[in-house]
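So the structure is just underneath, and the comments pick up after that.
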Amino acid sequence: MTIGVLALQGAFIEHIQMLEKLGVKTQEIRKTEDFSAQLDGLILPGGESTTIGKLLHDTSLFLPIKECIDAGMPVFGTCAGMILVAKEIADDSTSHFQAMDIQVKRNAYGRQLGSFGCNATFADEHVIEMPFIRAPYISSHGKAVKILSVVDGNIVAAQENNMLVTAFHPELTDDTTVHEHFISIINKNS
Amino acid sequence: MNTQRQTLNKQLAQMLKGGVIMDVMTPEQAQIAEKAGACAVMALERIPADIRAAGGVSRMSDPKMVKEIQQSVSIPVMAKCRIGHMAEAQILEAIQIDYIDESEVLSPADNVYHIDKTEFEVPFVCGAKNLSEALRRISEGATMIRTKGEPGTGDVVQAVSHMREMQRQMKRIASMSKDELFNEAKELQVPYELLLYVNEHASLPVVNFAAGGVATPADAALMMQLGAEGVFVGSGIFKSGNPEKRAAAIVKAVTNYNDPKILAEISEDLGEAMVGINEDEIKILMAERGK
């Protein structure tokens with residue numbers, strides 16, 4: 001199994017280290033030559049969604065990645081990555097891959113002073129550590145979307161088919177639960 | 001500051017990695033920077049090149065101007081306070097700045113003490129020209145470090161020597177045996193625990209950017225190749241002929257710093273770079289402020 005990690009900007013090394021810990025091969029994606037439909041899955045990391053969104057177009061990676069996501073390649077987006085896969089961004093006319101039937105609110109908790117950490121339930125079973133850094137949350141969603149975590153009444157993790165998103169950063173903790181969940185999505189897919 | 005807040009502040013810097021933080025003086029410039037792909041902006045009234053030209057005392061920017069920039073973009077907004085000036089830092093915290101740069105670019109307010117940054121909830125980035133300065137700033141509560149370089153010059157030589165020095169020292173510390181670290185902590189005048197971290201990880205416990213003199217995409221790529229995790233660009237963008245194009249090119253250079261073909265493409269036809277001045281032509285070495 002090889003999982004691609006979009007490496008245009010942000011905290012992609014943390015995802016790579018997490019996957020290595022789980023014994024999964026990774027591929028850093030910076031240009032079109034790095035990306036292929038043969039990858040078993042793709043991680044869109046945290047960072048600045050405006051920066052990553054722009055670089056996706058500048059590097060011509062946008063279209064090939066969108067085609068693969070639309071064709072069912074398993075994808076996992078954290079924070080900025082969640083914004084990238086969302087169909088809609090609240091109070092914003094821009095959107096990126098428009099793949100997952102969710103509307104997200106950017107900087108939903110305000111500026112850095114609103115960043116926080118907590119422990120909450122993921123996918124009905126595990127209580128895990130969740131760091132929220134200038135995080136978004138899911139403000140509305142379609143019927144096919146399964147909610148995996150709710151914190152203070154806001155949806156912060158969800159899944160639709162092969163698409164997994166978290167508003168928080170599991171890659172910044174030592175807990176591999178969410179990444180294992182993603183790997184199980186990939187296993188079911190193949 | 002509790003340890004969780006400190007962790008969250010370190011983590012925000014992790015999200016900025018692989019990105020470019022640009023100096024901006026107006027909401028319009030902030031929007032240009034955001035559109036060009038900046039991962040954050042530094043709001044300030046005068047960019048370092050103008051501070052050099054104007055001389056006199058340089059202070060924290062007008063909070064009103066900083067707030068206007070905060071309202072104009074969705075990316076993180078940073079602002080500078082003078083070294084040791086906790087009241088300026090408190091003001092910036094009150095307007096919910098995302099990161100404070102306790103910066104040698106402004107005139108120092110205190111010739112001995114830096115701000116006790118552990119007393120704040122907002123994160124701080126500080127300049128350093130070697131490992132000792134970096135670890136002292138971290139022990140005071142900084143959650144991000146940048147090389148000092150020589151701001152406002154458009155001359156990358158100082159940023160290079162500071163980054164080289166830091167990397168060289170970290171490699172040396174990493175190769176030491178544990179019993180050597182106690183004396184090394186004494187020699188470097190830094191806390192033992194932080195030195196132990198460097199020994200075990202061969203890196204700083206916080207993110208380390210390059211700053212001070214980056215003017216071209218090639219400069220940015222050079223700093224990344226030397227080990228920077230991202231780049232601050234001050235005067236280099238809005239003192240150049242075509243800020244939009246140069247800003248976007250520097251962003252792309254930081255992502256593709258190891259790809260000469262892409263670097264060649266984006267270095268083409270950028271218009272005039274900032275003229276710049278070299279180190280021996282300037283009267284004030286800002287890097288000598290705040291050790």
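Order determines the names: the first chain of the structure tokens is A, the second B, and so forth; residues in each chain are numbered 1 upward, and ligands are numbered 1 upward as they are shown.
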
- Would you kindly return, as JSON, numbers by chain, each protein, DNA or RNA residue with an atom no farther than 12 Å from any atom of Pro76 (chain B), considering only C-alpha atoms and excluding same-chain residues fewer than 6 positions away? {"A": [47, 48, 49, 50, 51, 107, 110, 111, 112, 113, 133, 134, 135], "B": [12, 13, 15, 16, 19, 20, 21, 22, 30, 33, 34, 38, 39, 40, 41, 42, 43, 66, 69, 70, 96, 97, 98, 99, 100, 123]}

Chain A near chain B within 10 Å: what's each residue's closest atom pair and its distance in Å to one decimal, counting only C-alpha atoms, ordered by chain then ascending residue number, as CSV?
```
residue,atom,partner,partner_atom,distance
A:Ala7,CA,B:Thr255,CA,7.8
A:Leu8,CA,B:Thr255,CA,5.5
A:Gln9,CA,B:Gly18,CA,4.7
A:Gly10,CA,B:Met15,CA,4.7
A:Ala11,CA,B:Met15,CA,5.2
A:Phe12,CA,B:Met15,CA,8.9
A:Ile13,CA,B:Lys17,CA,9.7
A:Glu14,CA,B:Gln14,CA,9.1
A:Arg30,CA,B:Asn256,CA,7.1
A:Lys31,CA,B:Asn256,CA,8.5
A:Pro45,CA,B:Met15,CA,9.0
A:Gly46,CA,B:Met15,CA,6.1
A:Gly47,CA,B:Met15,CA,4.4
A:Glu48,CA,B:Cys39,CA,5.7
A:Ser49,CA,B:Cys39,CA,8.7
A:Thr50,CA,B:Gly37,CA,6.4
A:Thr51,CA,B:Gly37,CA,4.2
A:Ile52,CA,B:Gly37,CA,7.6
A:Gly53,CA,B:Gly37,CA,8.4
A:Lys54,CA,B:Gly37,CA,6.2
A:Leu55,CA,B:Lys252,CA,7.2
A:Asp58,CA,B:Lys252,CA,8.0
A:Thr59,CA,B:Lys252,CA,8.6
A:Cys79,CA,B:Met15,CA,9.9
A:Ala80,CA,B:Met15,CA,9.4
A:Arg106,CA,B:Ser74,CA,8.4
A:Asn107,CA,B:Ser74,CA,7.8
A:Gly110,CA,B:Gln96,CA,9.2
A:Arg111,CA,B:Asp98,CA,6.2
A:Gln112,CA,B:Asp98,CA,5.0
A:Leu113,CA,B:Val122,CA,6.3
A:Gly114,CA,B:Gln96,CA,9.2
A:Ser115,CA,B:Leu8,CA,6.9
A:Phe116,CA,B:Leu8,CA,6.9
A:Gly117,CA,B:Gln4,CA,7.4
A:Cys118,CA,B:Gln4,CA,9.9
A:Pro131,CA,B:Leu8,CA,7.3
A:Phe132,CA,B:Leu8,CA,8.0
A:Ile133,CA,B:Leu12,CA,6.1
A:Arg134,CA,B:Leu12,CA,7.9
A:His169,CA,B:Gln11,CA,9.4
A:Leu172,CA,B:Gln11,CA,7.7
```

- Task: Show which residues sit within 10 Å of Val127 (chain A), as a ChimeraX atom specification. Count only C-alpha atoms, and ignore same-chain residues fewer than 6 positions away.
- Result: /A:118-121,149,175,177

- Query: Excluding same-chain residues fewer than 6 positions from Glu288 (chain B), what lies within 12 Å of it counting only C-alpha atoms, as a count of residues only?
  - Reply: 17

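Non-sequential neighbours of Ala264 (chain B) (distance at most 10 Å, separation of 4 or more positions within a chain, only C-alpha atoms) are Pro217, Ala218, Ala253, Asp259, Pro260 and Glu268 of chain B.
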
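Comparing A:His126, A:His141, A:His57, A:His96 by their smallest distance to Thr176 (chain A), the closest is A:His126 (using only C-alpha atoms).
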
Considering only C-alpha atoms, return as a PDB file with C-alpha atoms, in the first residue's frame whatever protein or nucleic-acid residues lie within 6 Å of region 235-247 of chain B, sequence-local ones (same chain, fewer than 6 positions apart) excluded.
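Writing done, so here's result.pdb:
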```pdb
ATOM      1  CA  ALA B  36      -0.136  35.110  -4.345  1.00  0.00           C
ATOM      2  CA  ILE B  47       8.987  47.709   5.741  1.00  0.00           C
ATOM      3  CA  ALA B  49      14.115  48.971   3.813  1.00  0.00           C
ATOM      4  CA  GLY B 152      15.810  45.600   4.563  1.00  0.00           C
ATOM      5  CA  ALA B 215      14.707  39.006  -2.435  1.00  0.00           C
ATOM      6  CA  LEU B 270      10.020  38.979 -12.726  1.00  0.00           C
ATOM      7  CA  GLY B 271      10.819  42.619 -13.380  1.00  0.00           C
ATOM      8  CA  GLU B 272      13.237  44.572 -11.275  1.00  0.00           C
ATOM      9  CA  ALA B 273      14.323  43.101  -7.933  1.00  0.00           C
ATOM     10  CA  MET B 274      14.797  45.435  -4.992  1.00  0.00           C
TER      11      MET B 274
END
```

- Query: Which one is closest to Ala87 (chain B): B:Lys186, B:Lys117, B:His201, B:Arg146? Count only C-alpha atoms.
  - Reply: B:Lys117

- Task: Tell me which protein, DNA and RNA residues are within 9 Å of Thr32 (chain A), counting only C-alpha atoms, leaving out same-chain ones fewer than 2 positions away, and put them as an NGL selection string.
- Result: :A and (29-30 or 34-36 or 59-61 or 64)

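Rounded to one decimal, CA of Ile186 (chain A) and CA of Met73 (chain A) lie 8.4 Å from each other.
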
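Nearest-residue note for His15 (chain A): choosing from A:Val145, A:Met130, A:Ala37, A:Leu42, the minimum distance belongs to A:Leu42, counting only C-alpha atoms.
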
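Per DSSP on the backbone, alpha helix (DSSP H) in region 53-142 of chain A comprises Gly53, Lys54, Leu55, Leu56, His57, Asp58, Phe62, Leu63, Pro64, Ile65, Lys66, Glu67, Cys68, Ile69, Asp70, Ala80, Gly81, Met82, Ile83, Leu84 and Val85 of chain A.
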
Could you save those same residues with N, CA and C atoms as a compact mmCIF listing (two decimals), in the first residue's frame?
```txt
# COMPACT_ATOMS: atom_id res chain seq x y z
N GLY A 53 -4.51 25.69 -2.13
CA GLY A 53 -5.45 25.78 -3.25
C GLY A 53 -4.81 26.43 -4.46
N LYS A 54 -4.06 27.51 -4.22
CA LYS A 54 -3.41 28.20 -5.33
C LYS A 54 -2.31 27.33 -5.94
N LEU A 55 -1.50 26.70 -5.08
CA LEU A 55 -0.40 25.88 -5.58
C LEU A 55 -0.90 24.65 -6.35
N LEU A 56 -2.09 24.14 -5.98
CA LEU A 56 -2.66 23.01 -6.72
C LEU A 56 -2.85 23.38 -8.19
N HIS A 57 -3.28 24.63 -8.42
CA HIS A 57 -3.46 25.08 -9.80
C HIS A 57 -2.12 25.40 -10.46
N ASP A 58 -1.25 26.11 -9.73
CA ASP A 58 0.06 26.48 -10.29
C ASP A 58 0.88 25.26 -10.71
N PHE A 62 -4.20 20.04 -9.75
CA PHE A 62 -5.62 20.10 -9.38
C PHE A 62 -6.47 19.09 -10.15
N LEU A 63 -6.39 19.14 -11.48
CA LEU A 63 -7.28 18.29 -12.29
C LEU A 63 -7.04 16.79 -12.11
N PRO A 64 -5.79 16.32 -12.25
CA PRO A 64 -5.58 14.88 -12.04
C PRO A 64 -6.05 14.41 -10.67
N ILE A 65 -5.82 15.22 -9.63
CA ILE A 65 -6.26 14.80 -8.29
C ILE A 65 -7.78 14.79 -8.21
N LYS A 66 -8.41 15.84 -8.76
CA LYS A 66 -9.88 15.89 -8.72
C LYS A 66 -10.49 14.68 -9.43
N GLU A 67 -9.93 14.34 -10.59
CA GLU A 67 -10.45 13.18 -11.33
C GLU A 67 -10.37 11.91 -10.50
N CYS A 68 -9.25 11.72 -9.80
CA CYS A 68 -9.08 10.51 -8.98
C CYS A 68 -10.03 10.50 -7.79
N ILE A 69 -10.20 11.66 -7.14
CA ILE A 69 -11.12 11.70 -6.00
C ILE A 69 -12.54 11.40 -6.49
N ASP A 70 -12.92 12.02 -7.60
CA ASP A 70 -14.26 11.79 -8.15
C ASP A 70 -14.45 10.33 -8.55
N ALA A 80 -7.12 22.25 6.71
CA ALA A 80 -7.12 22.84 5.37
C ALA A 80 -7.52 21.80 4.34
N GLY A 81 -7.12 20.54 4.55
CA GLY A 81 -7.47 19.45 3.64
C GLY A 81 -8.97 19.21 3.59
N MET A 82 -9.63 19.41 4.74
CA MET A 82 -11.09 19.28 4.79
C MET A 82 -11.74 20.39 3.96
N ILE A 83 -11.18 21.60 4.05
CA ILE A 83 -11.69 22.73 3.26
C ILE A 83 -11.55 22.43 1.77
N LEU A 84 -10.42 21.78 1.40
CA LEU A 84 -10.17 21.50 -0.01
C LEU A 84 -11.18 20.52 -0.61
N VAL A 85 -11.62 19.51 0.16
CA VAL A 85 -12.55 18.52 -0.43
C VAL A 85 -14.01 18.95 -0.35
```

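Among B:Leu131, B:Ile282, B:Met65, B:Met224, the residue with the shortest atom-to-atom distance to Leu204 (chain B), counting only C-alpha atoms, is B:Leu131.
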
- Task: Using CA of Pro170 (chain A) and CA of Met18 (chain A) as the two end points, give the distance in Å to one decimal.
- Result: 9.2 Å

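All residues within region 104-274 of chain B that the backbone DSSP calculation assigns to strand (DSSP E) are Phe124, Val125, Cys126, Gly127, Ala128, Met144, Ile145, Arg146, Thr147, Val207, Asn208, Phe209, Val231, Phe232 and Val233 of chain B.
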
- Item | Point-to-point distance in Å for CA of Ile89 (chain A) and CA of Ser140 (chain A) | 10.2 Å
